[in-house]
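Visitor: Take a look at this one; I'll ask things after.
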Amino acid sequence: MLLTVIVFLPLAGLVAIALLPRDSRGAKWLAASVMGVDLALVAWVAAHFDVARGMQFAIDVPWVSQAHIRYHMAVDGISLTMLGLSALLGLLAVIASWKQEDRPKAYFAMLLLLQVGMNGVFVALDFVLFYVFWELVLVPMFFLIGLWGGPKREYAAIKFFLYTLLGSVFMLVGILALYLHPAGGTFDMLALAKAGASGALPFGFQWWVFLAFFLGFAVKVPVWPLHTWLPDAHVEAPTAASVLLAGVLLKMGAYGFIRVSLPMLPDAARAWAPFIGVLAVISIVYGAAVAFAQTDLKKLVAYSSVSHMGFVMLGIAAGTVEGLDGAVAVMFSHGIVTGMLFLLVGMVYERTHTRAIADLSGLVVAAPLTGGLLAFASFASLGLPGLSGFVGEFLSLLGGWRSALLPKWITIGAASGVLLAAAYMLWMVLRVVLGKPSAATEGMSDASPRELAVLAPLIALTFAVGLYWDSILRFVDPAVKAISVVVTGAA
Amino acid sequence: MNWLVAIPLLPAAAFAVLWPLSRRARNRLQWLPLAAMSGSLALSMAAGVAVVRAAAVESSRGAVVYHAAVEVARIAGRPLRMGLRLDAVSAVMLMVVTVVGVAVQVYSLGYMHRDDRKGWYFAVLSLFSAAMLALVLADSFLLLYMTWEVMGLCSYLLIGFWHELEAPRLAAIKAFLTTRVGDVAFAIGLAVMWATKGSFDFAVVLADGAAWPTGAAWPAGAATAVALLFLVGAMGKSAQVPLHVWLPDAMAGPTPASALIHAATMVAAGVYLVARSMPIFHAAAPVALGAVLAVGLVTLLVGGALAVVQHDIKKVLAYSTISQLGYMFVALGAGSEVAALFHLTTHAFFKSLLFLGAGVIIHATHTQDIREMGGLHKALPWTTAAFTAGALALAGVFPFSGFWSKDEILGTLWRGGQYLPFAIALFGAAITAFYVARLWFRVFGWNQACSLARESHAEMIAPMVVLALITLGIGFASPWFATLLGEEARLPDPGLAAASTAVALAGLAAGWYVYGRSEARGTEPLRRRWNRAYEALGNKLYFDLTFGELLITPYIALTGRLSRFDTSVIDGAVDGMGAGWRRLADSGARFDIAVIDGAVNGAGRLVKAAGARLRRIQTGRVQTYQRLSIAALIVLVLWIFLRGV
């Protein structure tokens, strides 16, 4: 029941906003309080979560009984980590948009609707429910980019919408295939995972269904070469939408691999692992190289996401516990660190009206807090030990090396990403943060207390996860162990 | 938890306090890192006493005196612990780091006096100290790697401290990226270690035999892989050829930071890593230690030769550091961690002393170019005395510390029967003495004094005096040092000592002959004599140039090409599919409008047109209707008649 409240509370908020008078300023307050309550509820769930048990806080009632569709939600450690990320970034996105003057009612309504979909995806355990939330996310994001975005917003919004929709059509095919197969025959994701683990699904069937799901999830992650919607969407999206897009939406794809592809189709996952590993290492190296060449600050961060998500895919392809621990840790860390980066880029853009790296210089002299935090976020992003980014990437590498499914050169190639990430990040820091202020940055105002309040929890989490890995791994490790056993046959 | 934890935690706390403060508040609290570091020094001394006591009782090498660990995570249910442990090696490193650290911080109070960002400088220095202290106390390779990287961050921040100038900015990124090349190898080495042993703990991975999962010792293949990968990591951090290129550029940072980080401590971390991993190197194929030896030999020659042609006082010292680190690698390659660690210790003191002296000289003369100096011994008596002690130690002259430790390395090679490495190391010692003499005579020689130069404040002189005294005295502790680390005490072999002293004196004499006489002032005799070799050295033996041409420029070009490829080909394919679909839709739409909709509309239009015509007859006038009725009747009658016919 609690999960239902967490998922649908933002919907109630949306209805309340709709009832507000047209020129009301109350929308942001309403949105912030709903998101705040949501986050508090997630925190309550985390506090009462028993890491020794699997799925918890379950609700499982018939929904459309004729088609065996159930309203089934629960959380395990992986879902809970993602749910926490989603609730936190949702709240911060609202506060980051506090000065939204353009159609604020509709804007905050869209953020709330987005929250419903994001929360729902991570707790749904019935495929139909999962699919509904999955597609629900597209709609508010489409409007957030298309209505409140930059100059090319319509192109970017449509590209984002169609690209991911095309992917999810394949996913729907996969869902139906599992439902129609005699050994499947259900939409219940836990039952399907059990069928997958028992080996009831024949390999050839698994192979094709895996491909269908792969297309759906890989677009979302995004995996090279299906990534080009991402830079466009990020560059045009408003700051809050960028934060949620990179912070939560990309994770839906990776979450799909971990929740669906690996446990339900373990034989196919083994067969596909080298292929995914190769795409992962290409994503890491290619994303880092292309990020290096970017002249737009936001695009650089967007391509860095492609590279970081490569580490997630490496861990997933490995299938080992270390690898999956690493994958989820990167997902979480990338959410908070890239969130920070997008918030800071947004702050810089608001003040200087440019994102061109060539125009920005000496940020730390002109605005010490903003510049210093941008440097901090960059170091967190390049995987400095002691900060969150290191934990996941390191575990991914350990998992990749130990995995019997991947050739060693894949892990070696991925490790070079550690160097390449430092290259593009520090090259950006050198040009933007250091040096003498340019005409654009000279005299710009520094971060406001509200902006610092948005960044503060992210900074704190970056340290917390980086110094005390168990702060998230205590939830993640037991949950991924169960999945890894199915894939690799050993813990 | 015990008091050991406080050693790195005190400076870490000082950083944590200073970091969020404003610039002004930081500057006011600039004494805080020094206070923290002094606390660490006191605790380190206590740690040293504890180790000495323990060694007296057990006299077993590597005995762990204290150990405390926390579990930071469980991976696959297996605990991942990070903790601190104290043994003799750690205790020695602690003394090096805290003594040099305190000396540098006191000195910095004077050196950074006028900088309006000095609070940040001290904060970063404090974070560095915390990382380095945690590194030498780390009980696992994982924590060692993590603190290793944090030191890299501090090094980056301090090299780029004056980032509004271009050279420090570029030097900072160069240092971070070059050392990270090594770190990639280090990280892969850790992955191999994890896959082989399932742990990073020294207690597990360095113990012979008794280990998870099989209780087996290191398989030779895995041990070789780990050893070589760790070696590459160490080469980055300890500036070994060819990854040495960052260290001379790193001199763009404040001089006391160079003294602490880029001479005494951080750059020695690579040596410490290899020394710690020695059991793995021994389990590995002989190629691993052979590689360490080869790297060290090449580096000591390259560094020494390059030091001869530098004109920047700090760069002379930087190349000298590279060369001396090479000596430490040679000792490691010969299998003697004790000799390596002893040279590390003596070098830390005398090289930081030289850097602090260089700082005074730079402040006094406002130049770093030794061709513009000379005759400073009159204006800077204290500095001259201290610097000279450091210089003689570096040259390896009895009784200064460098003599003892270099002798130990040479002795190790000789006793091991490695005569070619011995000869190279001895030749390197001659080069060392030669560039030391060059440096000394360029700075202090002749009688034309820089009239403006004045001796510095007491807070800058006092640390140098302390370091000079250590440099003078610590050599005599050589036998005790070996005992502490669990080797049998050995006094220098008289014949060997005579040979190395002769070589050092010969080098100094040659240096005096070339640079010390008054007619040598302002000239570069070597250039006239060996022009081509001099030019090659002047171009840093083309290392930087080669990396630039073969790696950096092509990589930047590649990123540009990939970026264009991404937009034109990959995204082009997506947009192309979109456009193709749209064209299809458009032609579909045209067909729809022209043919299908055309048919529908055509029918409609027909009816409408007919209706429009017919409407005209609906005039509402009876006469019209009557006329139409008659006409219709006529037509009808005619039609009936005609059909009838």
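Note on naming: chains are A, B, ... as they come in the structure tokens, residues start from 1 per chain, ligands start from 1 in the order shown.
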With 8 Å as the limit and counting only C-alpha atoms, what residues in chain A lie close to chain B? Please list them as a PyMOL selection string.

Guide: chain A and resi 225+228-229+286+289-294+321-322+325+362+384-386+394+397-398+401-402+412+415-416+418-419+422-423+426-427+430+434-436+467-470+473-474+477-478+481+491

Visitor: Leaving out segment 30-44 of chain B and any residue of its chain fewer than 3 positions from it, which residues lie within 6 Å of it when counting only C-alpha atoms, given as a list in words?

Guide: Ile7, Leu10, Pro11, Ala14, Asn27, Ala47, Leu94, Thr98, Gly119 and Ser126 of chain B

Visitor: Any chance you could export the current selection's N, CA and C atoms as a compact mmCIF listing (two decimals), in the first residue's frame?

Guide:
```txt
# COMPACT_ATOMS: atom_id res chain seq x y z
N ILE B 7 46.25 9.84 13.18
CA ILE B 7 47.40 10.37 12.42
C ILE B 7 46.95 10.94 11.07
N LEU B 10 43.69 13.79 11.61
CA LEU B 10 43.87 15.18 12.05
C LEU B 10 44.01 16.13 10.86
N PRO B 11 44.96 15.87 9.94
CA PRO B 11 45.01 16.77 8.79
C PRO B 11 43.77 16.71 7.92
N ALA B 14 41.38 19.01 9.43
CA ALA B 14 41.75 20.40 9.15
C ALA B 14 41.27 20.81 7.77
N ASN B 27 42.12 32.08 5.29
CA ASN B 27 43.42 32.72 5.50
C ASN B 27 43.68 32.95 6.98
N ALA B 47 54.22 6.28 17.55
CA ALA B 47 54.16 5.06 16.74
C ALA B 47 55.56 4.50 16.54
N LEU B 94 56.05 7.23 8.16
CA LEU B 94 55.34 8.24 8.96
C LEU B 94 56.29 9.34 9.39
N THR B 98 55.74 13.19 8.27
CA THR B 98 55.36 14.21 9.25
C THR B 98 56.49 15.21 9.47
N GLY B 119 45.15 30.43 2.43
CA GLY B 119 44.31 29.52 3.21
C GLY B 119 44.00 28.25 2.42
N SER B 126 47.10 20.14 3.63
CA SER B 126 46.60 19.31 4.72
C SER B 126 45.93 18.05 4.18
```

Visitor: Suppose you want the space between atom CA of Ala329 of chain A and atom CA of Val391 of chain A; what is it in Å?

Guide: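 Atom-to-atom, atom CA of Ala329 of chain A to atom CA of Val391 of chain A, that is 6.7 Å.
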
Visitor: May I have the residues within 12 Å of segment 10-17 of chain A as a ChimeraX atom specification, using only C-alpha atoms and disregarding those fewer than 4 positions away in the same chain?

Guide: /A:4-6,21-39,87,90-91,104-120,136,140

Visitor: Between atom CA of Ser323 of chain B and atom CA of Phe422 of chain B, what is the distance in Å, rounded to a tenth?

Guide: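 It comes out at 15.1 Å.
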
Visitor: At a cut-off of 7 Å, using only C-alpha atoms, what residues contact segment 196-206 of chain A? Leave out same-chain residues fewer than 4 positions from it and give the result as a count of residues only.

Guide: 10

Visitor: Could you tell me how far atom CA of Asp232 of chain A sits from atom CA of Ile145 of chain A, in Å to one decimal place?

Guide: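 Pair atom CA of Ile145 of chain A / atom CA of Asp232 of chain A returns 10.2 Å.
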
Visitor: Counting only C-alpha atoms, which of A:Ala271, A:Leu461, A:Val433, A:Leu324 gets nearest to Gly339 of chain A?

Guide: A:Leu461

Visitor: Do you know which residues are at most 7 Å from Ile261 of chain B counting only C-alpha atoms, after dropping those on the same chain fewer than 5 positions away, and could you put them as a ChimeraX atom specification?

Guide: /B:155,266-267

Visitor: With N, CA and C atoms kept, could you save the residues just selected as a compact mmCIF listing (two decimals), in the first residue's frame?

Guide:
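Contents of out.txt, freshly written:
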```
# COMPACT_ATOMS: atom_id res chain seq x y z
N SER B 155 48.13 17.02 -5.73
CA SER B 155 49.24 17.41 -6.58
C SER B 155 48.74 18.30 -7.71
N MET B 266 55.08 12.25 -2.17
CA MET B 266 54.20 11.59 -3.12
C MET B 266 54.96 10.82 -4.19
N VAL B 267 56.00 11.43 -4.72
CA VAL B 267 56.72 10.75 -5.79
C VAL B 267 57.42 9.49 -5.28
```

Visitor: Excluding Phe122 of chain A and residues on its chain fewer than 2 positions from it, collect all residues at most 9 Å away from it, counting only C-alpha atoms, and give them as an mmCIF file with C-alpha atoms, in the first residue's frame.

Guide:
```cif
data_model
loop_
_atom_site.group_PDB
_atom_site.id
_atom_site.type_symbol
_atom_site.label_atom_id
_atom_site.label_comp_id
_atom_site.auth_asym_id
_atom_site.auth_seq_id
_atom_site.Cartn_x
_atom_site.Cartn_y
_atom_site.Cartn_z
ATOM 1 C CA MET A 73 4.381 -3.771 -6.771
ATOM 2 C CA ALA A 74 7.263 -4.419 -4.392
ATOM 3 C CA VAL A 75 10.834 -3.300 -3.829
ATOM 4 C CA ILE A 78 17.963 -2.543 -6.464
ATOM 5 C CA SER A 79 14.511 -1.010 -6.864
ATOM 6 C CA LEU A 80 14.804 0.808 -3.592
ATOM 7 C CA MET A 82 16.614 3.584 -7.820
ATOM 8 C CA LEU A 83 13.404 4.713 -6.129
ATOM 9 C CA GLY A 117 6.131 7.186 -14.201
ATOM 10 C CA MET A 118 9.665 7.132 -12.801
ATOM 11 C CA ASN A 119 8.624 5.846 -9.398
ATOM 12 C CA GLY A 120 6.269 3.338 -10.974
ATOM 13 C CA ALA A 124 6.182 -2.446 -10.851
ATOM 14 C CA LEU A 125 6.383 -6.234 -10.927
ATOM 15 C CA PHE A 130 5.695 -1.788 -15.924
ATOM 16 C CA MET A 252 15.344 2.782 -16.476
ATOM 17 C CA TYR A 255 17.280 -1.331 -14.587
#
```

Visitor: For Val64 of chain A, find every residue with an atom within 12 Å (counting only C-alpha atoms), except residues of its own chain fewer than 4 positions away, and show them as an NGL selection string.

Guide: :A and (68-72 or 126 or 128-129 or 187)

Visitor: Report as an MDAnalysis selection string: the residues of segment 78-256 of chain A with a DSSP assignment of helix (DSSP H, G or I), based on the backbone of this structure.

Guide: chainID A and resid 78:96 104:123 127:148 153:180 189:198 203:220 229:236 239:256
